[in-house]
file my_file-v7.txt (compact mmCIF, C-alpha atoms)
# COMPACT_ATOMS: atom_id res chain seq x y z
CA MET D 204 149.86 121.80 47.15
CA ARG D 205 149.69 121.28 43.38
CA ARG D 206 148.65 124.34 41.35
CA PRO D 207 145.43 123.84 39.39
CA ASP D 208 145.77 123.59 35.63
CA HIS D 209 143.22 126.17 34.48
CA GLY D 210 144.22 125.58 30.87
CA ARG D 211 142.41 122.24 30.91
CA LEU D 212 139.13 124.15 31.11
CA LEU D 213 139.78 125.58 27.66
CA ARG D 214 139.57 122.15 26.06
CA TRP D 215 135.81 122.60 25.87
CA TYR D 216 136.30 125.36 23.29
CA PRO D 217 137.07 124.82 19.58
CA ALA D 218 140.70 125.27 18.56
CA SER D 219 139.99 128.34 16.42
CA TRP D 220 138.32 130.04 19.39
CA ARG D 221 141.17 129.09 21.73
CA ASP D 222 143.67 130.61 19.32
CA ARG D 223 141.83 133.92 19.42
CA TYR D 224 140.47 134.19 22.98
CA GLY D 225 142.04 131.32 24.93
CA GLU D 226 144.89 133.27 26.51
CA GLU D 227 142.59 136.08 27.64
CA LEU D 228 140.08 133.69 29.18
CA LEU D 229 142.88 131.84 30.93
CA VAL D 230 144.15 135.09 32.45
CA LEU D 231 140.64 135.95 33.57
CA ILE D 232 140.23 132.57 35.26
CA GLN D 233 143.59 133.06 36.97
CA ASP D 234 142.54 136.56 38.06
CA GLU D 235 139.37 135.16 39.57
CA TRP D 236 140.71 131.99 41.18
CA GLY D 237 144.47 132.45 41.61
CA ASP D 238 145.97 129.20 42.88
CA ALA D 239 142.59 127.87 44.01
CA THR D 240 140.71 125.21 42.08
CA PRO D 241 137.59 126.64 40.42
CA SER D 242 134.31 125.36 41.84
CA SER D 243 132.47 122.62 40.00
CA ARG D 244 129.70 125.12 39.20
CA TYR D 245 132.24 127.48 37.62
CA ARG D 246 133.82 124.63 35.66
CA GLY D 247 130.36 123.56 34.50
CA ALA D 248 129.60 127.10 33.29
CA ILE D 249 132.88 127.18 31.34
CA ALA D 250 132.12 123.77 29.83
CA ARG D 251 128.65 124.89 28.73
CA ALA D 252 130.07 128.09 27.24
CA GLY D 253 132.76 126.09 25.43
CA LEU D 254 130.26 123.65 23.96
CA ARG D 255 128.11 126.57 22.92
CA GLU D 256 131.09 128.06 21.09
CA ARG D 257 131.61 124.75 19.33
CA MET D 258 127.99 124.81 18.17
CA HIS D 259 128.40 128.42 17.05
CA ALA D 260 131.58 127.55 15.19
CA THR D 261 129.88 124.74 13.30
CA GLY D 262 126.84 126.90 12.51
CA LEU D 263 124.45 124.80 14.62
CA ILE D 264 123.26 127.84 16.57
CA GLY D 265 123.38 131.59 16.11
CA GLN D 266 123.38 133.73 12.98
CA GLY D 267 127.08 134.65 13.15
CA THR D 268 128.12 132.13 10.51
CA ASP D 269 127.19 132.45 6.84
CA ALA D 270 124.05 130.85 5.39
CA ALA D 271 126.04 128.14 3.57
CA THR D 272 127.64 127.01 6.84
CA ARG D 273 124.28 126.98 8.59
CA LEU D 274 122.75 124.93 5.77
CA ARG D 275 125.65 122.52 5.89
CA SER D 276 125.51 122.20 9.68
CA GLY D 277 121.76 121.54 9.50
CA SER D 278 122.42 118.73 7.01
CA LEU D 279 125.19 117.31 9.19
CA LEU D 280 122.93 117.42 12.23
CA VAL D 281 120.35 115.34 10.35
CA LEU D 282 123.08 112.91 9.25
CA SER D 283 124.31 112.54 12.84
CA THR D 284 120.83 111.90 14.18
CA TRP D 285 120.21 109.43 11.35
CA THR D 286 123.17 107.43 12.67
CA LEU D 287 121.56 107.33 16.10
CA PHE D 288 118.30 106.39 14.42
CA VAL D 289 119.93 103.50 12.59
CA VAL D 290 121.07 102.05 15.93
CA ALA D 291 117.46 102.15 17.16
CA GLY D 292 116.37 100.69 13.80
CA ILE D 293 118.73 97.73 14.25
CA GLY D 294 117.14 97.19 17.66
CA PHE D 295 113.68 97.23 16.08
CA GLN D 296 114.74 94.86 13.34
CA LYS D 297 116.00 92.39 15.96
CA THR D 298 112.92 92.78 18.17
CA SER D 299 110.47 92.30 15.31
CA GLU D 300 112.10 89.17 13.88
CA HIS D 301 109.42 86.57 12.96
CA PHE D 302 106.65 88.68 14.51
CA ALA D 303 104.11 87.67 11.85
CA ARG D 304 104.01 84.11 13.18
CA ALA D 305 103.05 85.36 16.64
CA VAL D 306 100.27 87.71 15.54
CA PRO D 307 96.70 86.37 15.12
CA LEU D 308 95.63 86.24 11.47
CA ALA D 309 92.97 88.93 11.84
CA SER D 310 95.35 91.61 13.08
CA ARG D 311 98.30 90.54 10.96
CA PRO D 312 97.69 92.93 8.01
CA SER D 313 97.87 96.12 10.09
CA SER D 314 101.08 95.11 11.86
CA GLN D 315 102.53 93.89 8.57
CA ASP D 316 101.63 97.22 6.91
CA ALA D 317 103.36 99.12 9.71
CA PHE D 318 106.44 96.92 9.37
CA THR D 319 106.47 97.36 5.58
CA THR D 320 106.24 101.14 6.04
CA VAL D 321 109.25 101.01 8.35
CA ALA D 322 111.23 98.96 5.85
CA LEU D 323 110.21 101.14 2.88
CA PHE D 324 111.17 104.42 4.54
CA ALA D 325 114.38 102.90 5.88
CA VAL D 326 115.35 102.21 2.26
CA ILE D 327 114.26 105.73 1.21
CA SER D 328 116.39 107.32 3.95
CA LEU D 329 119.38 105.15 3.03
CA VAL D 330 119.04 106.13 -0.65
CA ALA D 331 118.81 109.81 0.34
CA VAL D 332 122.00 109.50 2.42
CA LEU D 333 123.78 107.76 -0.46
CA ILE D 334 122.67 110.50 -2.90
CA GLY D 335 124.03 113.08 -0.45
CA VAL D 336 127.34 111.22 -0.24
CA ALA D 337 127.51 110.83 -4.04
CA ALA D 338 126.88 114.55 -4.54
CA THR D 339 129.93 115.42 -2.43
CA LEU D 340 132.23 112.79 -3.96
CA PRO D 341 133.75 115.01 -6.71
CA THR D 342 134.56 117.68 -4.10
CA VAL D 343 135.99 115.03 -1.76
CA ILE D 344 138.24 113.67 -4.52
CA THR D 345 139.48 117.17 -5.34
CA PHE D 346 140.11 117.77 -1.64
CA LEU D 347 142.10 114.53 -1.26
CA ARG D 348 144.15 115.24 -4.40
CA SER D 349 145.07 118.65 -3.10
CA GLY D 350 146.67 117.22 0.06
CA GLY D 351 143.60 116.95 2.26
CA TRP D 352 144.29 113.30 3.16
CA ARG D 353 146.65 114.22 5.99
CA HIS D 354 143.83 116.15 7.68
CA VAL D 355 141.34 113.29 7.65
CA ARG D 356 143.64 110.25 7.71
CA ARG D 357 143.21 109.70 11.44
CA HIS D 358 139.41 109.72 11.16
CA VAL D 359 139.28 107.43 8.14
CA LEU D 360 141.69 104.89 9.65
CA ARG D 361 139.74 104.80 12.91
CA SER D 362 136.49 104.22 11.01
CA VAL D 363 138.02 101.51 8.81
CA ILE D 364 139.42 99.69 11.86
CA ALA D 365 136.03 99.88 13.65
CA SER D 366 134.29 98.55 10.53
CA ALA D 367 136.86 95.77 10.17
CA PHE D 368 136.11 94.64 13.74
CA VAL D 369 132.38 94.62 12.95
CA VAL D 370 132.84 92.54 9.80
CA ALA D 371 135.32 90.16 11.44
CA SER D 372 133.01 89.56 14.39
CA VAL D 373 130.03 88.72 12.15
CA ILE D 374 131.57 85.40 11.06
CA PRO D 375 131.97 83.72 14.48
CA LEU D 376 128.67 85.23 15.61
CA SER D 377 126.84 83.77 12.61
CA LEU D 378 128.45 80.36 13.14
CA TRP D 379 127.39 80.43 16.78
CA ALA D 380 123.84 81.52 15.84
CA HIS D 381 123.47 78.55 13.48
CA GLN D 382 124.17 76.17 16.35
CA LEU D 383 121.35 77.67 18.44
CA ASN D 384 117.61 77.20 18.11
CA GLU D 385 115.17 80.08 17.69
CA PHE D 386 114.38 80.29 21.41
CA GLN D 387 118.08 80.46 22.32
CA ARG D 388 118.72 83.13 19.69
CA ASN D 389 115.87 85.26 21.00
CA GLY D 390 116.96 85.66 24.59
CA GLY D 391 117.07 82.04 25.72
CA ASN D 392 120.86 81.95 25.83
CA ASP D 393 122.31 84.63 28.12
CA ALA D 394 125.86 84.39 26.79
CA TYR D 395 124.67 84.77 23.20
CA SER D 396 122.43 87.72 24.15
CA TRP D 397 125.35 89.51 25.79
CA VAL D 398 127.63 88.92 22.83
CA VAL D 399 124.94 90.19 20.42
CA ALA D 400 124.52 93.29 22.63
CA ALA D 401 128.30 93.85 22.54
CA TRP D 402 128.27 93.44 18.77
CA ALA D 403 125.43 95.96 18.47
CA LEU D 404 127.52 98.37 20.53
CA LEU D 405 130.44 97.80 18.16
CA VAL D 406 128.18 98.55 15.19
CA ALA D 407 126.99 101.73 16.90
CA LEU D 408 130.62 102.79 17.51
CA ALA D 409 131.52 102.10 13.89
CA LEU D 410 128.56 104.17 12.69
CA ALA D 411 129.46 106.99 15.08
CA SER D 412 133.05 106.85 13.83
CA TRP D 413 131.96 107.15 10.19
CA THR D 414 129.68 110.04 11.11
CA THR D 415 132.61 111.83 12.76
CA THR D 416 134.67 111.15 9.65
CA ALA D 417 131.92 112.60 7.44
CA ILE D 418 131.83 115.72 9.65
CA ALA D 419 135.62 116.01 9.49
CA PHE D 420 135.41 115.92 5.69
CA ALA D 421 132.45 118.28 5.48
CA ASN D 422 134.14 120.87 7.69
CA ARG D 423 137.04 121.05 5.25
CA LEU D 424 135.16 121.07 1.96
CA THR D 425 134.01 124.06 -0.01
CA LEU D 426 130.75 122.84 -1.44
CA SER D 427 129.05 124.53 -4.36
CA ARG D 428 125.60 126.03 -3.93
CA VAL D 429 124.07 123.20 -5.97
CA VAL D 430 125.68 120.51 -3.82
CA LEU D 431 124.63 122.31 -0.65
CA ARG D 432 121.06 122.36 -1.90
CA ILE D 433 121.20 118.65 -2.73
CA GLU D 434 122.56 117.97 0.76
CA GLY D 435 119.80 120.06 2.32
CA SER D 436 117.08 118.39 0.23
CA MET D 437 118.32 114.92 1.06
CA ALA D 438 118.53 115.83 4.76
CA ILE D 439 114.89 116.89 4.66
CA VAL D 440 113.95 113.58 3.00
CA VAL D 441 115.91 111.68 5.65
CA ALA D 442 114.26 113.62 8.49
CA ALA D 443 110.78 113.04 7.01
CA SER D 444 111.57 109.33 6.62
CA MET D 445 112.74 109.15 10.22
CA ALA D 446 109.52 110.74 11.44
CA THR D 447 107.43 108.32 9.35
CA ILE D 448 109.41 105.32 10.58
CA THR D 449 108.95 106.42 14.19
CA CYS D 450 105.17 106.70 13.72
CA ALA D 451 105.01 103.32 11.95
CA THR D 452 107.13 101.72 14.69
CA ALA D 453 104.85 103.11 17.38
CA PHE D 454 101.82 101.81 15.44
CA TRP D 455 103.44 98.38 15.07
CA TRP D 456 104.15 98.34 18.80
CA ASP D 457 100.56 99.30 19.60
CA THR D 458 99.19 96.57 17.33
CA LEU D 459 101.46 93.95 18.86
CA ALA D 460 100.70 95.14 22.39
CA THR D 461 96.98 94.83 21.68
CA HIS D 462 96.88 91.54 19.79
CA ALA D 463 100.10 89.69 20.60
CA SER D 464 101.61 91.10 23.78
CA TRP D 465 103.28 87.75 24.47
CA PHE D 466 105.56 88.34 21.48
CA LEU D 467 106.92 91.58 22.98
CA GLN D 468 107.76 89.74 26.21
CA GLY D 469 109.18 86.67 24.53
CA SER D 470 106.46 84.51 26.15
CA PRO D 471 104.88 81.45 24.48
CA ILE D 472 102.10 82.27 21.98
CA GLY D 473 98.75 82.97 23.58
CA ARG D 474 100.02 83.52 27.10
CA SER D 475 98.63 86.82 28.38
CA SER D 476 101.33 89.26 29.30
CA THR D 477 101.91 92.95 29.98
CA SER D 478 101.93 95.13 26.87
CA THR D 479 104.80 97.24 28.24
CA SER D 480 108.06 96.35 26.55
CA LEU D 481 111.18 98.03 27.90
CA THR D 482 112.97 97.26 24.65
CA MET D 483 110.29 99.03 22.61
CA VAL D 484 110.21 101.93 25.08
CA GLY D 485 113.97 102.31 24.54
CA ILE D 486 113.73 101.98 20.75
CA VAL D 487 110.88 104.47 20.32
CA SER D 488 112.50 106.90 22.80
CA VAL D 489 115.80 106.89 20.88
CA MET D 490 113.90 107.29 17.60
CA SER D 491 111.90 110.21 19.02
CA ILE D 492 115.04 111.96 20.30
CA ALA D 493 116.71 111.48 16.92
CA VAL D 494 113.65 112.84 15.09
CA SER D 495 113.51 115.89 17.39
CA CYS D 496 117.16 116.68 16.66
CA ALA D 497 116.60 116.06 12.93
CA ILE D 498 113.71 118.53 12.96
CA ALA D 499 116.06 121.10 14.52
CA GLY D 500 118.43 120.41 11.61
CA VAL D 501 115.62 120.84 9.09
CA VAL D 502 114.64 124.16 10.69
CA ARG D 503 118.28 125.22 10.32
CA ILE D 504 118.29 124.17 6.64
CA THR D 505 115.03 125.85 5.69
CA GLY D 506 115.98 129.01 7.59
CA SER D 507 119.22 129.31 5.57
CA TRP D 508 117.88 128.08 2.24
CA ARG D 509 116.87 131.36 0.61
CA GLN D 510 119.82 133.31 1.98
CA CYS D 511 122.22 130.61 0.77
CA SER D 512 120.92 130.95 -2.78
CA ARG D 513 121.80 134.66 -2.73
CA THR D 514 125.27 134.52 -1.21
CA PRO D 515 128.28 132.57 -2.48
CA PRO D 516 129.30 129.61 -0.28
CA GLN D 517 132.38 130.03 1.87
CA ALA D 518 134.91 127.59 3.14
CA VAL D 519 134.80 126.85 6.83
CA ALA D 520 137.93 126.77 8.94
CA GLY D 521 138.66 123.11 9.59
CA GLY D 522 138.71 121.19 12.82
CA ASN D 523 135.74 122.79 14.49
CA LEU D 524 133.99 119.69 15.72
CA GLU D 525 136.80 117.36 16.47
CA SER D 526 139.40 119.76 17.79
CA MET Y 216 111.47 144.43 19.57
CA THR Y 217 112.43 146.82 16.77
CA SER Y 218 114.54 145.95 13.80
CA HIS Y 219 117.35 148.03 15.21
CA ALA Y 220 117.64 145.77 18.24
CA ASP Y 221 117.31 142.65 16.07
CA SER Y 222 120.15 143.64 13.73
CA SER Y 223 122.50 144.38 16.61
CA GLY Y 224 121.59 141.18 18.44
CA LEU Y 225 120.78 143.09 21.62
CA ARG Y 226 117.69 142.08 23.57
CA ARG Y 227 117.26 142.99 27.23
CA ALA Y 228 118.77 145.31 29.78
CA ASN Y 229 120.41 142.45 31.67
CA ASP Y 230 121.77 140.76 28.57
CA PRO Y 231 125.55 140.34 28.74
CA PRO Y 232 126.06 142.14 25.38
CA VAL Y 233 124.13 145.20 26.59
CA LEU Y 234 125.99 145.21 29.91
CA ILE Y 235 129.35 144.91 28.15
CA LEU Y 236 128.57 147.72 25.70
CA THR Y 237 127.35 149.90 28.56
CA SER Y 238 130.56 149.24 30.45
CA LEU Y 239 132.76 149.91 27.41
CA ALA Y 240 130.86 153.13 26.72
CA GLY Y 241 132.77 154.44 29.76
CA GLY Y 242 136.16 153.48 28.32
CA ALA Y 243 138.19 150.50 27.12
CA LYS Y 244 138.52 147.57 29.55
CA HIS Y 245 139.86 144.03 29.66
CA GLY Y 246 137.88 140.99 30.82
CA HIS Y 247 138.40 141.22 34.57
CA ALA Y 248 137.83 144.99 34.64
CA LEU Y 249 134.62 144.47 32.65
CA LEU Y 250 133.33 141.95 35.18
CA LYS Y 251 134.09 144.28 38.11
CA ASP Y 252 132.53 147.30 36.39
CA ILE Y 253 129.35 145.44 35.39
CA GLU Y 254 129.00 144.11 38.92
CA SER Y 255 129.37 147.62 40.33
CA PHE Y 256 126.82 149.40 38.10
CA ALA Y 257 124.32 146.59 37.40
CA GLY Y 258 124.77 144.24 40.35
CA VAL Y 259 125.16 141.39 37.88
CA ARG Y 260 127.99 138.91 38.32
CA LEU Y 261 128.75 137.54 34.87
CA GLY Y 262 130.61 134.27 34.52
CA ALA Y 263 133.83 134.12 32.53
CA GLY Y 264 132.23 131.83 29.94
CA ALA Y 265 129.22 134.13 29.47
CA LEU Y 266 131.49 137.18 29.26
CA TYR Y 267 133.70 135.76 26.54
CA GLY Y 268 130.74 134.27 24.69
CA ALA Y 269 129.24 137.76 24.51
CA ILE Y 270 132.59 139.37 23.62
CA THR Y 271 132.95 136.87 20.75
CA ARG Y 272 129.50 137.72 19.35
CA LEU Y 273 130.00 141.47 19.80
CA GLU Y 274 133.34 141.39 18.04
CA GLU Y 275 131.87 139.27 15.20
CA ARG Y 276 129.20 141.92 14.69
CA GLY Y 277 131.75 144.72 14.78
CA LEU Y 278 130.21 146.33 17.87
CA ILE Y 279 133.46 146.14 19.85
CA GLU Y 280 137.11 145.77 18.88
CA ALA Y 281 140.23 144.54 20.60
CA LEU Y 282 143.08 146.95 21.30
CA GLU Y 283 146.75 146.13 21.01
CA SER Y 284 148.30 145.16 24.31
CA SER Y 285 151.68 143.97 25.48
CA ASP Y 286 149.92 142.41 28.46
CA ARG Y 287 148.13 139.04 28.35
CA ARG Y 288 144.99 141.00 29.27
CA ARG Y 289 143.60 142.34 26.02
CA PRO Y 290 141.40 145.44 26.40
CA TYR Y 291 138.31 146.07 24.26
CA GLN Y 292 136.69 149.28 23.15
CA ILE Y 293 133.27 150.06 21.77
CA THR Y 294 133.11 150.88 18.03
CA SER Y 295 130.94 153.53 16.39
CA ALA Y 296 128.55 150.76 15.30
CA GLY Y 297 128.47 149.57 18.92
CA THR Y 298 127.77 153.08 20.17
CA SER Y 299 124.93 153.42 17.68
CA ALA Y 300 123.48 150.02 18.60
CA LEU Y 301 123.70 150.78 22.33
CA ALA Y 302 122.07 154.18 21.80
CA GLY Y 303 119.21 152.43 19.99
CA VAL Y 304 118.71 150.01 22.85
CA MET Y 305 118.87 152.82 25.41
CA ALA Y 306 116.21 154.74 23.46
CA GLU Y 307 113.98 151.67 23.46
CA MET Y 308 114.51 151.21 27.18
CA ARG Y 309 113.73 154.85 27.78
CA ASP Y 310 110.51 154.61 25.78
CA LEU Y 311 109.52 151.41 27.52
CA ALA Y 312 110.33 152.89 30.93
CA ALA Y 313 108.29 155.99 30.07
CA ILE Y 314 105.26 153.92 29.07
CA GLY Y 315 105.57 151.75 32.17
CA ALA Y 316 106.02 154.75 34.45
CA THR Y 317 103.04 156.53 32.89
CA ARG Y 318 100.83 153.50 33.38
CA LEU Y 319 102.07 153.15 36.95
CA LYS Y 320 101.51 156.90 37.41
CA LEU Y 321 105.11 157.45 38.44
CA SER Y 322 106.01 161.13 38.17
CA TRP Y 323 109.48 160.60 36.57
CA GLY Y 324 108.12 158.86 33.48
CA ALA Y 325 106.04 161.74 32.21
CA SER Y 326 108.85 163.71 30.61

call {"tool": "encode", "arguments": {"input": "my_file-v7.txt", "output": "structure tokens"}}
result
Amino acid sequence: MRRPDHGRLLRWYPASWRDRYGEELLVLIQDEWGDATPSSRYRGAIARAGLRERMHATGLIGQGTDAATRLRSGSLLVLSTWTLFVVAGIGFQKTSEHFARAVPLASRPSSQDAFTTVALFAVISLVAVLIGVAATLPTVITFLRSGGWRHVRRHVLRSVIASAFVVASVIPLSLWAHQLNEFQRNGGNDAYSWVVAAWALLVALALASWTTTAIAFANRLTLSRVVLRIEGSMAIVVAASMATITCATAFWWDTLATHASWFLQGSPIGRSSTSTSLTMVGIVSVMSIAVSCAIAGVVRITGSWRQCSRTPPQAVAGGNLES
Amino acid sequence: MTSHADSSGLRRANDPPVLILTSLAGGAKHGHALLKDIESFAGVRLGAGALYGAITRLEERGLIEALESSDRRRPYQITSAGTSALAGVMAEMRDLAAIGATRLKLSWGAS
């Protein structure tokens, strides 16, 4: 019988933790299980503990890390959830295409106002993210000049390749779309719908990859107190924008469900239809989850804000999230 | 909860950190010995993940420290800060137990 590899269980823990406690934990597991394979419940408990250590190490939970790390991790949490939010936003943008034509004139202003609010706060959140990125640029350049490139090269290359696939796939997709009519583009052509869904998945993967890259950078940078405060402020703006967009999206959905439910189902104008739209349920659910996580990030930021202004920022040992 | 308990991160009697400190108050032990001891005096079977999560936090706060060992099993001992923190928690528990016992009219809580 093959001996179980208990060491694989330690992969749930961050590298820095494994270096310090890994051997001891491995011995303990061996003491408890010998040559037997640990139960799935035991493995699950180890996995949960390992993930918890990762969150501790990145400052997402607990008070063990310094205030600067907690502030930074709160900002990164908001950035990560914003990425998820963008995916839902792309879904909303696609779903709401040409909605004004389907809505009766009398109820058009309210739905249009809701849509405009979504668009406005989407721009505000994007600007806030860009300001946050710009604020860290000088530190990033210094980091790269001092030999940091080798630490993040893998992440950057992966993100660039994912983005290249997205850009390259836009051209044939656009050419195909131009050969289709509006009905075919909006669900009438199954093959096109599947390809668009695959493309959306590719976009989501590219966004997730860039977010991971941003985290890899952030974990290795020593940010000044001023930059940390800018990051925290922008994260709060992004979280507030996300919450506003979610409310406006829900209002838009309600207006459409009341006055133009056929649009949500893709039915011909005027045909009565159910107001329940699985697509909108999915979009608003993802947005709500992202906003909840962003609020947790904001709580982390505000809780560390005052303390961070009193204590000097410290560098964080690299490789916490991705190790 | 008093500020003393908040600063040490200790909360309840069955919290892993309190159980670990209580066990180490009787002498230095490594992970497996800690689990066995805690099970014997508290009837609580801690998981390996929970044990090492608590050990990590306790060591971060300076309440316990690792001892040198030639073995792969590294023993831990309670520090003076850990002893002080544990004493604070025990005093709170004693006070709480006394109040509860008095209200329940149990004879042992009066003292």

call {"tool": "interface_residues", "arguments": {"input": "my_file-v7.txt", "of": "chain Y", "to": "chain D", "cutoff": "8 Å", "atoms": "all atoms listed in the file", "output": "mmCIF file with C-alpha atoms, in the coordinates of the input"}}
result
data_model
loop_
_atom_site.group_PDB
_atom_site.id
_atom_site.type_symbol
_atom_site.label_atom_id
_atom_site.label_comp_id
_atom_site.auth_asym_id
_atom_site.auth_seq_id
_atom_site.Cartn_x
_atom_site.Cartn_y
_atom_site.Cartn_z
ATOM 1 C CA GLY Y 246 137.880 140.990 30.820
ATOM 2 C CA HIS Y 247 138.400 141.220 34.570
ATOM 3 C CA GLY Y 262 130.610 134.270 34.520
ATOM 4 C CA ALA Y 263 133.830 134.120 32.530
ATOM 5 C CA GLY Y 264 132.230 131.830 29.940
ATOM 6 C CA ALA Y 265 129.220 134.130 29.470
ATOM 7 C CA TYR Y 267 133.700 135.760 26.540
ATOM 8 C CA GLY Y 268 130.740 134.270 24.690
ATOM 9 C CA ARG Y 272 129.500 137.720 19.350
ATOM 10 C CA GLU Y 275 131.870 139.270 15.200
ATOM 11 C CA ARG Y 276 129.200 141.920 14.690
ATOM 12 C CA ARG Y 287 148.130 139.040 28.350
ATOM 13 C CA ARG Y 288 144.990 141.000 29.270
ATOM 14 C CA ARG Y 289 143.600 142.340 26.020
#

call {"tool": "closest_atom_pairs", "arguments": {"input": "my_file-v7.txt", "of": "segment 378-492 of chain D", "to": "segment 294-297 of chain D", "cutoff": "10 Å", "atoms": "all atoms listed in the file", "output": "tab-separated table"}}
result
residue	atom	partner	partner_atom	distance
D:Asn389	CA	D:Lys297	CA	8.7
D:Ala400	CA	D:Gly294	CA	9.7
D:Ala403	CA	D:Gly294	CA	8.4
D:Thr452	CA	D:Phe295	CA	8.1
D:Trp456	CA	D:Phe295	CA	10.0
D:Thr482	CA	D:Gly294	CA	8.1
D:Met483	CA	D:Phe295	CA	7.6
D:Gly485	CA	D:Gly294	CA	9.1
D:Ile486	CA	D:Gly294	CA	6.6
D:Val487	CA	D:Phe295	CA	8.8

call {"tool": "residues_around", "arguments": {"input": "my_file-v7.txt", "residues": "Val259 of chain Y", "least_positions_apart": "2", "cutoff": "10 Å", "atoms": "all atoms listed in the file", "output": "PyMOL selection string"}}
result
chain Y and resi 229-231+234+250-257+261-262

call {"tool": "closest_residue", "arguments": {"input": "my_file-v7.txt", "among": "D:Cys496, D:Leu212, D:Leu467, D:Ala380", "to": "Trp455 of chain D", "atoms": "all atoms listed in the file"}}
result
D:Leu467

call {"tool": "residues_near_point", "arguments": {"input": "my_file-v7.txt", "point": "(140.4, 149.2, 22.1)", "cutoff": "10 Å", "atoms": "all atoms listed in the file", "output": "NGL selection string"}}
result
:Y and (239 or 242-245 or 279-284 or 289-294)

call {"tool": "closest_residue", "arguments": {"input": "my_file-v7.txt", "among": "Y:Ser322, Y:Ala313, Y:Thr271, Y:Val304", "to": "Thr237 of chain Y", "atoms": "all atoms listed in the file"}}
result
Y:Val304

call {"tool": "atom_distance", "arguments": {"input": "my_file-v7.txt", "atom1": "atom CA of Phe302 of chain D", "atom2": "atom CA of Leu459 of chain D"}}
result
8.6 Å

call {"tool": "atom_distance", "arguments": {"input": "my_file-v7.txt", "atom1": "atom CA of Thr414 of chain D", "atom2": "atom CA of Val369 of chain D"}}
result
15.8 Å

call {"tool": "closest_residue", "arguments": {"input": "my_file-v7.txt", "among": "Y:Leu249, Y:Ile314, Y:Gly241, Y:Leu319", "to": "Ile270 of chain Y", "atoms": "all atoms listed in the file"}}
result
Y:Leu249

call {"tool": "closest_residue", "arguments": {"input": "my_file-v7.txt", "among": "Y:Ala312, Y:Arg260, Y:Leu273, Y:Arg318", "to": "Ala300 of chain Y", "atoms": "all atoms listed in the file"}}
result
Y:Leu273

call {"tool": "atom_distance", "arguments": {"input": "my_file-v7.txt", "atom1": "atom CA of Thr425 of chain D", "atom2": "atom CA of Leu279 of chain D"}}
result
14.4 Å

call {"tool": "build_atoms", "arguments": {"input": "my_file-v7.txt", "residues": "segment 263-274 of chain Y", "atoms": "N, CA and C atoms", "output": "short mmCIF file (atom, residue, chain, number, x, y, z; two decimals), keeping the file's coordinate frame"}}
result
data_model
loop_
_atom_site.label_atom_id
_atom_site.label_comp_id
_atom_site.auth_asym_id
_atom_site.auth_seq_id
_atom_site.Cartn_x
_atom_site.Cartn_y
_atom_site.Cartn_z
N ALA Y 263 132.79 133.92 33.55
CA ALA Y 263 133.83 134.12 32.53
C ALA Y 263 133.39 133.58 31.17
N GLY Y 264 132.70 132.43 31.19
CA GLY Y 264 132.23 131.83 29.94
C GLY Y 264 131.20 132.73 29.25
N ALA Y 265 130.26 133.24 30.04
CA ALA Y 265 129.22 134.13 29.47
C ALA Y 265 129.86 135.41 28.94
N LEU Y 266 130.83 135.94 29.69
CA LEU Y 266 131.49 137.18 29.26
C LEU Y 266 132.17 136.99 27.91
N TYR Y 267 132.97 135.93 27.80
CA TYR Y 267 133.70 135.76 26.54
C TYR Y 267 132.82 135.27 25.39
N GLY Y 268 131.71 134.60 25.73
CA GLY Y 268 130.74 134.27 24.69
C GLY Y 268 130.17 135.54 24.09
N ALA Y 269 129.81 136.48 24.97
CA ALA Y 269 129.24 137.76 24.51
C ALA Y 269 130.29 138.60 23.77
N ILE Y 270 131.51 138.62 24.29
CA ILE Y 270 132.59 139.37 23.62
C ILE Y 270 132.80 138.82 22.20
N THR Y 271 132.77 137.49 22.08
CA THR Y 271 132.95 136.87 20.75
C THR Y 271 131.89 137.35 19.78
N ARG Y 272 130.60 137.30 20.23
CA ARG Y 272 129.50 137.72 19.35
C ARG Y 272 129.59 139.21 19.02
N LEU Y 273 129.92 140.03 20.02
CA LEU Y 273 130.00 141.47 19.80
C LEU Y 273 131.11 141.81 18.81
N GLU Y 274 132.23 141.12 18.95
CA GLU Y 274 133.34 141.39 18.04
C GLU Y 274 133.00 140.91 16.63
#
